[in-house]
>>> print(open('model.cif').read())   # mmCIF, C-alpha atoms
data_protein
loop_
_atom_site.group_PDB
_atom_site.id
_atom_site.type_symbol
_atom_site.label_atom_id
_atom_site.label_comp_id
_atom_site.auth_asym_id
_atom_site.auth_seq_id
_atom_site.Cartn_x
_atom_site.Cartn_y
_atom_site.Cartn_z
ATOM 1 C CA THR A 1 12.207 144.265 107.190
ATOM 2 C CA GLY A 2 13.822 146.442 109.862
ATOM 3 C CA LEU A 3 14.273 149.333 107.421
ATOM 4 C CA ILE A 4 13.503 152.962 108.332
ATOM 5 C CA ASN A 5 10.682 154.120 106.065
ATOM 6 C CA SER A 6 10.497 157.707 107.309
ATOM 7 C CA ARG A 7 11.850 160.207 109.766
ATOM 8 C CA ARG A 8 10.617 163.599 110.918
ATOM 9 C CA HIS A 9 11.704 166.499 113.051
ATOM 10 C CA ILE A 10 9.926 166.674 116.408
ATOM 11 C CA GLY A 11 9.357 170.223 117.561
ATOM 12 C CA VAL A 12 10.588 169.756 121.122
ATOM 13 C CA SER A 13 12.576 172.563 122.788
ATOM 14 C CA LEU A 14 15.809 173.679 121.122
ATOM 15 C CA ASP A 15 17.050 175.252 124.359
ATOM 16 C CA LEU A 16 20.232 173.403 125.373
ATOM 17 C CA ALA A 17 19.405 174.081 129.017
ATOM 18 C CA ASP A 18 16.309 171.877 128.699
ATOM 19 C CA GLU A 19 17.373 168.368 129.675
ATOM 20 C CA PHE A 20 15.532 165.304 128.394
ATOM 21 C CA GLN A 21 13.926 163.400 131.274
ATOM 22 C CA GLY A 22 12.068 160.616 129.511
ATOM 23 C CA VAL A 23 9.103 159.513 127.433
ATOM 24 C CA GLY A 24 5.730 158.393 128.725
ATOM 25 C CA ASP A 25 2.014 158.728 128.110
ATOM 26 C CA LEU A 26 1.376 161.741 130.329
ATOM 27 C CA ASN A 27 -2.193 162.437 129.174
ATOM 28 C CA GLY A 28 -3.551 158.936 128.652
ATOM 29 C CA ASP A 29 -4.115 159.092 124.906
ATOM 30 C CA GLY A 30 -1.977 156.036 124.179
ATOM 31 C CA ILE A 31 0.847 158.086 122.624
ATOM 32 C CA GLY A 32 4.229 158.736 124.189
ATOM 33 C CA ASP A 33 5.013 162.297 125.252
ATOM 34 C CA VAL A 34 8.362 163.970 125.969
ATOM 35 C CA LEU A 35 9.306 165.430 129.345
ATOM 36 C CA THR A 36 12.076 168.038 129.704
ATOM 37 C CA ARG A 37 13.553 169.886 132.667
ATOM 38 C CA ASN A 38 15.440 173.146 133.117
ATOM 39 C CA GLY A 39 16.437 173.428 136.781
ATOM 40 C CA ASP A 40 13.179 173.458 138.734
ATOM 41 C CA SER A 41 11.130 174.156 135.590
ATOM 42 C CA TRP A 42 9.443 171.177 133.918
ATOM 43 C CA GLU A 43 7.742 171.049 130.538
ATOM 44 C CA ALA A 44 5.776 168.317 128.786
ATOM 45 C CA TRP A 45 5.515 168.037 125.013
ATOM 46 C CA TYR A 46 2.437 166.088 123.897
ATOM 47 C CA LEU A 47 2.696 164.230 120.598
ATOM 48 C CA THR A 48 0.085 163.159 118.075
ATOM 49 C CA ALA A 49 -0.120 159.805 116.313
ATOM 50 C CA THR A 50 1.839 161.295 113.404
ATOM 51 C CA GLY A 51 4.710 162.423 115.624
ATOM 52 C CA ASN A 52 3.833 166.115 115.612
ATOM 53 C CA ILE A 53 3.570 168.245 118.751
ATOM 54 C CA ALA A 54 -0.095 168.748 119.652
ATOM 55 C CA PHE A 55 0.724 171.152 122.500
ATOM 56 C CA SER A 56 3.161 171.715 125.324
ATOM 57 C CA GLN A 57 2.806 173.057 128.823
ATOM 58 C CA VAL A 58 4.900 173.936 131.839
ATOM 59 C CA LEU A 59 4.188 171.550 134.698
ATOM 60 C CA SER A 60 3.874 172.524 138.332
ATOM 61 C CA ILE A 61 5.836 169.717 139.954
ATOM 62 C CA PRO A 62 6.366 170.232 143.684
ATOM 63 C CA GLY A 63 9.683 169.466 145.322
ATOM 64 C CA SER A 64 13.256 170.639 145.375
ATOM 65 C CA SER A 65 16.180 170.677 142.992
ATOM 66 C CA THR A 66 17.575 167.623 144.788
ATOM 67 C CA GLN A 67 14.815 165.480 143.288
ATOM 68 C CA GLU A 68 15.987 163.554 140.253
ATOM 69 C CA THR A 69 13.992 161.690 137.634
ATOM 70 C CA GLN A 70 14.183 157.936 138.058
ATOM 71 C CA GLU A 71 11.658 156.611 135.561
ATOM 72 C CA ILE A 72 8.276 157.186 133.937
ATOM 73 C CA GLY A 73 5.717 154.382 134.250
ATOM 74 C CA ASP A 74 2.086 153.532 134.918
ATOM 75 C CA PHE A 75 2.312 152.304 138.494
ATOM 76 C CA ASP A 76 -1.432 152.445 139.223
ATOM 77 C CA GLY A 77 -2.591 150.973 135.914
ATOM 78 C CA ASP A 78 -4.962 153.814 135.012
ATOM 79 C CA GLY A 79 -3.572 154.267 131.503
ATOM 80 C CA THR A 80 -1.710 157.486 132.307
ATOM 81 C CA ASP A 81 1.943 157.324 133.298
ATOM 82 C CA GLU A 82 3.455 158.779 136.457
ATOM 83 C CA LEU A 83 6.822 160.417 137.024
ATOM 84 C CA LEU A 84 8.947 158.644 139.627
ATOM 85 C CA LEU A 85 11.401 160.945 141.417
ATOM 86 C CA ARG A 86 14.000 160.390 144.132
ATOM 87 C CA ASP A 87 15.480 162.976 146.469
ATOM 88 C CA THR A 88 19.254 162.649 146.333
ATOM 89 C CA ALA A 89 19.581 164.239 149.765
ATOM 90 C CA THR A 90 17.113 162.057 151.686
ATOM 91 C CA GLY A 91 16.654 159.022 149.442
ATOM 92 C CA GLU A 92 12.877 159.482 149.552
ATOM 93 C CA TRP A 93 10.740 158.667 146.539
ATOM 94 C CA SER A 94 7.765 160.527 145.081
ATOM 95 C CA SER A 95 5.389 159.726 142.250
ATOM 96 C CA VAL A 96 3.818 162.616 140.325
ATOM 97 C CA THR A 97 0.406 161.904 138.781
ATOM 98 C CA PHE A 98 -1.116 163.490 135.685
ATOM 99 C CA ALA A 99 -4.666 164.123 134.471
ATOM 100 C CA PRO A 100 -6.011 162.158 131.485
ATOM 101 C CA GLY A 101 -6.667 164.482 128.546
ATOM 102 C CA THR A 102 -4.924 167.609 129.812
ATOM 103 C CA GLY A 103 -1.738 166.081 131.210
ATOM 104 C CA ALA A 104 -1.791 168.552 134.093
ATOM 105 C CA VAL A 105 -0.240 167.569 137.418
ATOM 106 C CA THR A 106 -2.919 166.216 139.772
ATOM 107 C CA GLY A 107 -0.875 165.262 142.811
ATOM 108 C CA THR A 108 2.127 163.579 144.348
ATOM 109 C CA ARG A 109 2.363 160.236 146.111
ATOM 110 C CA MET A 110 5.082 159.069 148.460
ATOM 111 C CA PRO A 111 5.624 155.354 147.760
ATOM 112 C CA ALA A 112 7.113 153.439 150.683
ATOM 113 C CA MET A 113 10.361 152.408 149.021
ATOM 114 C CA THR A 114 13.762 152.121 150.640
ATOM 115 C CA THR A 115 15.629 155.359 151.310
ATOM 116 C CA SER A 116 18.973 153.573 151.573
ATOM 117 C CA SER A 117 21.566 154.832 149.110
ATOM 118 C CA GLN A 118 22.722 151.228 148.731
ATOM 119 C CA TRP A 119 19.669 150.579 146.585
ATOM 120 C CA THR A 120 19.330 152.082 143.084
ATOM 121 C CA LEU A 121 16.558 151.802 140.529
ATOM 122 C CA GLN A 122 17.381 149.562 137.573
ATOM 123 C CA GLY A 123 14.157 150.059 135.638
ATOM 124 C CA VAL A 124 10.398 149.559 135.637
ATOM 125 C CA GLY A 125 8.191 146.933 134.012
ATOM 126 C CA ASP A 126 5.099 144.833 134.573
ATOM 127 C CA PHE A 127 6.830 141.787 136.048
ATOM 128 C CA ASP A 128 3.636 140.116 137.317
ATOM 129 C CA GLY A 129 1.421 140.913 134.326
ATOM 130 C CA ASN A 130 -1.305 142.739 136.272
ATOM 131 C CA GLY A 131 -1.317 145.840 134.066
ATOM 132 C CA ARG A 132 0.666 147.977 136.520
ATOM 133 C CA ASP A 133 4.352 148.792 136.327
ATOM 134 C CA ASP A 134 6.651 147.603 139.098
ATOM 135 C CA ALA A 135 10.062 148.961 140.127
ATOM 136 C CA LEU A 136 13.211 146.828 139.972
ATOM 137 C CA LEU A 137 15.989 147.844 142.359
ATOM 138 C CA ARG A 138 19.469 146.478 142.978
ATOM 139 C CA ARG A 139 21.653 146.766 146.057
ATOM 140 C CA THR A 140 25.375 147.473 146.057
ATOM 141 C CA ASN A 141 25.930 143.840 147.122
ATOM 142 C CA GLY A 142 24.205 142.714 143.906
ATOM 143 C CA ARG A 143 20.871 141.684 145.431
ATOM 144 C CA TRP A 144 17.671 142.361 143.437
ATOM 145 C CA GLN A 145 14.233 143.427 144.658
ATOM 146 C CA ILE A 146 10.891 144.342 143.083
ATOM 147 C CA TYR A 147 8.388 146.845 144.419
ATOM 148 C CA ASN A 148 4.796 146.048 143.455
ATOM 149 C CA PHE A 149 2.036 148.672 143.446
ATOM 150 C CA ASP A 150 -1.750 148.640 143.815
ATOM 151 C CA ALA A 151 -4.372 150.597 141.869
ATOM 152 C CA SER A 152 -3.798 153.589 144.152
ATOM 153 C CA GLY A 153 -0.071 153.631 143.445
ATOM 154 C CA ASN A 154 0.860 152.359 146.900
ATOM 155 C CA VAL A 155 3.516 149.718 147.505
ATOM 156 C CA THR A 156 1.906 146.358 148.276
ATOM 157 C CA SER A 157 4.959 144.086 148.435
ATOM 158 C CA GLU A 158 8.719 144.134 147.962
ATOM 159 C CA PRO A 159 9.865 140.602 147.146
ATOM 160 C CA ARG A 160 13.454 139.682 146.471
ATOM 161 C CA VAL A 161 14.283 138.279 143.050
ATOM 162 C CA PRO A 162 16.671 135.300 142.908
ATOM 163 C CA MET A 163 18.866 136.634 140.124
ATOM 164 C CA THR A 164 22.649 136.631 140.200
ATOM 165 C CA PRO A 165 24.247 138.967 142.783
ATOM 166 C CA ASN A 166 27.497 138.905 140.815
ATOM 167 C CA GLY A 167 28.339 142.528 140.085
ATOM 168 C CA THR A 168 29.876 141.696 136.712
ATOM 169 C CA TRP A 169 26.349 140.989 135.446
ATOM 170 C CA GLN A 170 24.652 144.287 134.583
ATOM 171 C CA LEU A 171 21.145 145.090 133.399
ATOM 172 C CA ARG A 172 20.888 145.791 129.677
ATOM 173 C CA TRP A 173 17.170 145.603 128.913
ATOM 174 C CA LEU A 174 13.715 145.040 130.395
ATOM 175 C CA ASP A 175 10.988 143.715 128.097
ATOM 176 C CA ASP A 176 8.514 140.901 127.565
ATOM 177 C CA PHE A 177 10.787 138.680 125.492
ATOM 178 C CA ASP A 178 8.515 135.614 125.474
ATOM 179 C CA GLY A 179 5.136 137.334 125.026
ATOM 180 C CA ASP A 180 3.559 135.994 128.223
ATOM 181 C CA GLY A 181 2.615 139.443 129.506
ATOM 182 C CA ASN A 182 5.388 139.610 132.108
ATOM 183 C CA THR A 183 8.502 141.751 131.836
ATOM 184 C CA ASP A 184 11.775 139.792 131.659
ATOM 185 C CA VAL A 185 15.348 140.815 132.467
ATOM 186 C CA LEU A 186 18.294 140.756 130.057
ATOM 187 C CA LEU A 187 21.762 140.975 131.636
ATOM 188 C CA ARG A 188 25.238 141.210 130.152
ATOM 189 C CA ARG A 189 28.514 140.332 131.832
ATOM 190 C CA THR A 190 31.072 143.133 131.802
ATOM 191 C CA ASN A 191 34.170 140.897 131.595
ATOM 192 C CA THR A 192 33.132 138.143 129.166
ATOM 193 C CA LEU A 193 30.351 140.137 127.396
ATOM 194 C CA GLN A 194 28.061 137.111 127.582
ATOM 195 C CA TRP A 195 24.308 137.599 127.815
ATOM 196 C CA THR A 196 21.742 135.903 130.014
ATOM 197 C CA LEU A 197 17.942 136.173 130.087
ATOM 198 C CA TYR A 198 15.757 135.782 133.169
ATOM 199 C CA ARG A 199 12.135 134.955 132.403
ATOM 200 C CA LEU A 200 10.022 136.156 135.311
ATOM 201 C CA ASP A 201 6.562 135.638 136.756
ATOM 202 C CA GLY A 202 6.509 138.362 139.355
ATOM 203 C CA SER A 203 9.549 137.738 141.530
ATOM 204 C CA THR A 204 9.731 134.071 140.517
ATOM 205 C CA VAL A 205 12.346 133.069 137.962
ATOM 206 C CA LEU A 206 10.657 130.738 135.483
ATOM 207 C CA GLU A 207 13.802 130.150 133.482
ATOM 208 C CA GLN A 208 17.312 131.522 133.220
ATOM 209 C CA GLY A 209 19.698 130.784 130.422
ATOM 210 C CA LYS A 210 22.366 132.052 128.108
ATOM 211 C CA ALA A 211 21.040 134.357 125.393
ATOM 212 C CA PRO A 212 22.759 133.654 122.045
ATOM 213 C CA LEU A 213 23.681 137.285 121.332
ATOM 214 C CA THR A 214 27.003 138.613 120.130
ATOM 215 C CA PRO A 215 29.837 138.772 122.714
ATOM 216 C CA LYS A 216 31.653 141.442 120.726
ATOM 217 C CA ALA A 217 32.287 144.672 122.639
ATOM 218 C CA VAL A 218 31.527 146.825 119.605
ATOM 219 C CA TRP A 219 27.866 145.808 119.875
ATOM 220 C CA GLN A 220 25.899 147.564 122.601
ATOM 221 C CA THR A 221 22.217 147.865 123.431
ATOM 222 C CA GLN A 222 20.823 151.341 122.909
ATOM 223 C CA GLN A 223 18.960 153.319 125.552
ATOM 224 C CA GLN A 224 15.392 152.188 125.915
#
>>> encode(input="model.cif", output="C-alpha cells")
Amino acid sequence: TGLINSRRHIGVSLDLADEFQGVGDLNGDGIGDVLTRNGDSWEAWYLTATGNIAFSQVLSIPGSSTQETQEIGDFDGDGTDELLLRDTATGEWSSVTFAPGTGAVTGTRMPAMTTSSQWTLQGVGDFDGNGRDDALLRRTNGRWQIYNFDASGNVTSEPRVPMTPNGTWQLRWLDDFDGDGNTDVLLRRTNTLQWTLYRLDGSTVLEQGKAPLTPKAVWQTQQQ
C-alpha cells in the first residue's frame, strides 16, 4: 500500500561532529549497517533485523584526511561490503575490507581505477549480474565508463558505456528496474526535467527510452 506502518529511533551517534558516510552490510549478516566519520576517526554501527543497534566499534581505517568516502558496495561478491575511498590530493582509490561477523577492518586494496580528476564516481551497482558490484564513472565531457571487479576485488575491465554524453542529462538512480538481475541507469534532464531509462547488460545498452515520470520540478528523487 506504500503506507508507513512503523518508525523507530536508531541509536546512532548524536554527536554533530560525526558525519554520515553511508549504509552497507559491513559484517556480512545481511543487514545494513551505518558508517560515520569524525575527522580521521571512523565508527560503524551494526543493526539488528529489528532496527536496533547490536553494537558499535571504532574502525582502524588507514590513510589520510584527504581520503573521502565514495561508496559502499560488495565489489568482490563475498557477502560483506567494502568501503570505497578516493584521495582528493592524488586521485588514487582504495577499498577497505571488513571481516564477516565482527565487522573489523581486515585490509585495504588499491583498485586500478583512473586517478584523473576529470572522472568522478556516479554510483555502484551490479551491471553485469555476476553478484559483484561495479563502479560507474563519468568524465567531464559526459562520457561514461564501468569498472568491473573480480572475486579478489581487482579491476578486470573498464568498458565504456554508450549512454548520452550530453551534460544536461544527470544520474538520478541506479537499480534493477526490470528484474533481470542487472543494474539499470535512470537519468533526468536538467533543462526539460524529462526522464530516460537505460537498461543495461554489463556495458551494453539493451534498451533506452523515455521514462513516463513527472516532469514537474517540485518532484525530486530522494537520496538512495
>>> closest_residue(input="model.cif", among="A:Arg188, A:Glu68, A:Ala17, A:Gln118", to="Gln220 of chain A", atoms="all atoms listed in the file")
A:Arg188
>>> residues_around(input="model.cif", residues="Asp184 of chain A", least_positions_apart="5", cutoff="12 Å", atoms="all atoms listed in the file", output="PDB file with C-alpha atoms, in the frame of the given file")
ATOM      1  CA  GLY A 123      14.157 150.059 135.638  1.00  0.00           C
ATOM      2  CA  VAL A 124      10.398 149.559 135.637  1.00  0.00           C
ATOM      3  CA  GLY A 125       8.191 146.933 134.012  1.00  0.00           C
ATOM      4  CA  ASP A 126       5.099 144.833 134.573  1.00  0.00           C
ATOM      5  CA  PHE A 127       6.830 141.787 136.048  1.00  0.00           C
ATOM      6  CA  ASP A 128       3.636 140.116 137.317  1.00  0.00           C
ATOM      7  CA  GLY A 129       1.421 140.913 134.326  1.00  0.00           C
ATOM      8  CA  ASP A 134       6.651 147.603 139.098  1.00  0.00           C
ATOM      9  CA  LEU A 136      13.211 146.828 139.972  1.00  0.00           C
ATOM     10  CA  VAL A 161      14.283 138.279 143.050  1.00  0.00           C
ATOM     11  CA  MET A 163      18.866 136.634 140.124  1.00  0.00           C
ATOM     12  CA  LEU A 171      21.145 145.090 133.399  1.00  0.00           C
ATOM     13  CA  ARG A 172      20.888 145.791 129.677  1.00  0.00           C
ATOM     14  CA  TRP A 173      17.170 145.603 128.913  1.00  0.00           C
ATOM     15  CA  LEU A 174      13.715 145.040 130.395  1.00  0.00           C
ATOM     16  CA  ASP A 175      10.988 143.715 128.097  1.00  0.00           C
ATOM     17  CA  ASP A 176       8.514 140.901 127.565  1.00  0.00           C
ATOM     18  CA  PHE A 177      10.787 138.680 125.492  1.00  0.00           C
ATOM     19  CA  ASP A 178       8.515 135.614 125.474  1.00  0.00           C
ATOM     20  CA  GLY A 179       5.136 137.334 125.026  1.00  0.00           C
ATOM     21  CA  THR A 196      21.742 135.903 130.014  1.00  0.00           C
ATOM     22  CA  LEU A 197      17.942 136.173 130.087  1.00  0.00           C
ATOM     23  CA  TYR A 198      15.757 135.782 133.169  1.00  0.00           C
ATOM     24  CA  ARG A 199      12.135 134.955 132.403  1.00  0.00           C
ATOM     25  CA  LEU A 200      10.022 136.156 135.311  1.00  0.00           C
ATOM     26  CA  ASP A 201       6.562 135.638 136.756  1.00  0.00           C
ATOM     27  CA  GLY A 202       6.509 138.362 139.355  1.00  0.00           C
ATOM     28  CA  SER A 203       9.549 137.738 141.530  1.00  0.00           C
ATOM     29  CA  THR A 204       9.731 134.071 140.517  1.00  0.00           C
ATOM     30  CA  VAL A 205      12.346 133.069 137.962  1.00  0.00           C
ATOM     31  CA  LEU A 206      10.657 130.738 135.483  1.00  0.00           C
ATOM     32  CA  GLU A 207      13.802 130.150 133.482  1.00  0.00           C
ATOM     33  CA  GLN A 208      17.312 131.522 133.220  1.00  0.00           C
TER      34      GLN A 208
END
>>> residues_around(input="model.cif", residues="Ala44 of chain A", least_positions_apart="2", cutoff="8 Å", atoms="all atoms listed in the file", output="list of chain:residue names")
A:Asp33, A:Val34, A:Leu35, A:Thr36, A:Trp42, A:Tyr46, A:Ser56, A:Gln57, A:Val58, A:Leu59
>>> atom_distance(input="model.cif", atom1="atom CA of Asn38 of chain A", atom2="atom CA of Phe98 of chain A")
19.3 Å
>>> residues_around(input="model.cif", residues="Ala54 of chain A", least_positions_apart="4", cutoff="12 Å", atoms="only C-alpha atoms", output="PyMOL selection string")
chain A and resi 10-12+27+29+31-34+44-50+101-103
>>> residues_around(input="model.cif", residues="Arg132 of chain A", least_positions_apart="3", cutoff="12 Å", atoms="all atoms listed in the file", output="VMD selection string")
chain A and resid 73 to 82 124 to 129 135 147 to 156 181 to 183 202
>>> closest_residue(input="model.cif", among="A:Ala104, A:Ser116, A:Ile146, A:Ile72", to="Asp87 of chain A", atoms="only C-alpha atoms")
A:Ser116
>>> axis_aligned_box(input="model.cif", around="segment 38-49 of chain A", padding_each_side="6 Å", output="AutoDock Vina command-line options")
--center_x 8.2 --center_y 167.0 --center_z 127.5 --size_x 28.6 --size_y 26.4 --size_z 34.4
>>> atom_distance(input="model.cif", atom1="atom CA of Gly28 of chain A", atom2="atom CA of Thr120 of chain A")
27.9 Å
>>> atom_distance(input="model.cif", atom1="atom CA of Asn166 of chain A", atom2="atom CA of Leu193 of chain A")
13.8 Å
>>> resolve_selection(input="model.cif", expression="the PyMOL selection byres ((chain A and resi 94) around 12)", output="ChimeraX atom specification")
/A:61-64,67-72,75,82-88,90-93,95-97,107-115,153-155
>>> resolve_selection(input="model.cif", expression="the PyMOL selection byres ((chain A and resi 20) around 7)", output="PyMOL selection string")
chain A and resi 18-19+21-22+35-37
>>> write_last_selection(input="model.cif", atoms="C-alpha atoms", output="compact mmCIF listing (two decimals), in the coordinates of the input")
# COMPACT_ATOMS: atom_id res chain seq x y z
CA ASP A 18 16.31 171.88 128.70
CA GLU A 19 17.37 168.37 129.68
CA GLN A 21 13.93 163.40 131.27
CA GLY A 22 12.07 160.62 129.51
CA LEU A 35 9.31 165.43 129.34
CA THR A 36 12.08 168.04 129.70
CA ARG A 37 13.55 169.89 132.67
>>> closest_residue(input="model.cif", among="A:Gly51, A:Gly24, A:Lys216, A:Ala211", to="Trp195 of chain A", atoms="only C-alpha atoms")
A:Ala211
>>> closest_residue(input="model.cif", among="A:Ala99, A:Gln222, A:Gly131, A:Val105", to="Glu43 of chain A", atoms="all atoms listed in the file")
A:Val105
>>> build_atoms(input="model.cif", residues="segment 36-56 of chain A", atoms="N, CA and C atoms", output="PDB file, in the coordinates of the input")
ATOM      1  N   THR A  36      10.787 167.358 129.589  1.00  0.00           N
ATOM      2  CA  THR A  36      12.076 168.038 129.704  1.00  0.00           C
ATOM      3  C   THR A  36      12.123 168.812 131.017  1.00  0.00           C
ATOM      4  N   ARG A  37      13.360 169.161 131.407  1.00  0.00           N
ATOM      5  CA  ARG A  37      13.553 169.886 132.667  1.00  0.00           C
ATOM      6  C   ARG A  37      14.669 170.912 132.506  1.00  0.00           C
ATOM      7  N   ASN A  38      14.440 172.079 133.086  1.00  0.00           N
ATOM      8  CA  ASN A  38      15.440 173.146 133.117  1.00  0.00           C
ATOM      9  C   ASN A  38      15.489 173.651 134.560  1.00  0.00           C
ATOM     10  N   GLY A  39      16.399 173.099 135.359  1.00  0.00           N
ATOM     11  CA  GLY A  39      16.437 173.428 136.781  1.00  0.00           C
ATOM     12  C   GLY A  39      15.193 172.926 137.479  1.00  0.00           C
ATOM     13  N   ASP A  40      14.436 173.831 138.077  1.00  0.00           N
ATOM     14  CA  ASP A  40      13.179 173.458 138.734  1.00  0.00           C
ATOM     15  C   ASP A  40      11.976 173.641 137.826  1.00  0.00           C
ATOM     16  N   SER A  41      12.212 173.959 136.552  1.00  0.00           N
ATOM     17  CA  SER A  41      11.130 174.156 135.590  1.00  0.00           C
ATOM     18  C   SER A  41      10.973 172.905 134.727  1.00  0.00           C
ATOM     19  N   TRP A  42       9.747 172.387 134.686  1.00  0.00           N
ATOM     20  CA  TRP A  42       9.443 171.177 133.918  1.00  0.00           C
ATOM     21  C   TRP A  42       8.489 171.525 132.774  1.00  0.00           C
ATOM     22  N   GLU A  43       8.653 170.840 131.655  1.00  0.00           N
ATOM     23  CA  GLU A  43       7.742 171.049 130.538  1.00  0.00           C
ATOM     24  C   GLU A  43       7.458 169.726 129.842  1.00  0.00           C
ATOM     25  N   ALA A  44       6.192 169.520 129.501  1.00  0.00           N
ATOM     26  CA  ALA A  44       5.776 168.317 128.786  1.00  0.00           C
ATOM     27  C   ALA A  44       5.388 168.690 127.364  1.00  0.00           C
ATOM     28  N   TRP A  45       5.787 167.840 126.436  1.00  0.00           N
ATOM     29  CA  TRP A  45       5.515 168.037 125.013  1.00  0.00           C
ATOM     30  C   TRP A  45       4.664 166.854 124.554  1.00  0.00           C
ATOM     31  N   TYR A  46       3.409 167.139 124.187  1.00  0.00           N
ATOM     32  CA  TYR A  46       2.437 166.088 123.897  1.00  0.00           C
ATOM     33  C   TYR A  46       2.378 165.843 122.391  1.00  0.00           C
ATOM     34  N   LEU A  47       2.606 164.593 122.009  1.00  0.00           N
ATOM     35  CA  LEU A  47       2.696 164.230 120.598  1.00  0.00           C
ATOM     36  C   LEU A  47       1.372 163.675 120.084  1.00  0.00           C
ATOM     37  N   THR A  48       1.215 163.774 118.761  1.00  0.00           N
ATOM     38  CA  THR A  48       0.085 163.159 118.075  1.00  0.00           C
ATOM     39  C   THR A  48       0.519 161.823 117.500  1.00  0.00           C
ATOM     40  N   ALA A  49      -0.425 161.104 116.899  1.00  0.00           N
ATOM     41  CA  ALA A  49      -0.120 159.805 116.313  1.00  0.00           C
ATOM     42  C   ALA A  49       0.825 159.915 115.121  1.00  0.00           C
ATOM     43  N   THR A  50       0.937 161.104 114.546  1.00  0.00           N
ATOM     44  CA  THR A  50       1.839 161.295 113.404  1.00  0.00           C
ATOM     45  C   THR A  50       3.207 161.821 113.829  1.00  0.00           C
ATOM     46  N   GLY A  51       3.417 161.974 115.136  1.00  0.00           N
ATOM     47  CA  GLY A  51       4.710 162.423 115.624  1.00  0.00           C
ATOM     48  C   GLY A  51       4.865 163.924 115.713  1.00  0.00           C
ATOM     49  N   ASN A  52       3.793 164.656 115.482  1.00  0.00           N
ATOM     50  CA  ASN A  52       3.833 166.115 115.612  1.00  0.00           C
ATOM     51  C   ASN A  52       3.496 166.522 117.049  1.00  0.00           C
ATOM     52  N   ILE A  53       3.893 167.730 117.431  1.00  0.00           N
ATOM     53  CA  ILE A  53       3.570 168.245 118.751  1.00  0.00           C
ATOM     54  C   ILE A  53       2.156 168.812 118.741  1.00  0.00           C
ATOM     55  N   ALA A  54       1.270 168.231 119.548  1.00  0.00           N
ATOM     56  CA  ALA A  54      -0.095 168.748 119.652  1.00  0.00           C
ATOM     57  C   ALA A  54      -0.107 170.014 120.502  1.00  0.00           C
ATOM     58  N   PHE A  55       0.593 169.977 121.637  1.00  0.00           N
ATOM     59  CA  PHE A  55       0.724 171.152 122.500  1.00  0.00           C
ATOM     60  C   PHE A  55       1.787 170.848 123.538  1.00  0.00           C
ATOM     61  N   SER A  56       2.217 171.883 124.222  1.00  0.00           N
ATOM     62  CA  SER A  56       3.161 171.715 125.324  1.00  0.00           C
ATOM     63  C   SER A  56       2.699 172.570 126.478  1.00  0.00           C
TER      64      SER A  56
END
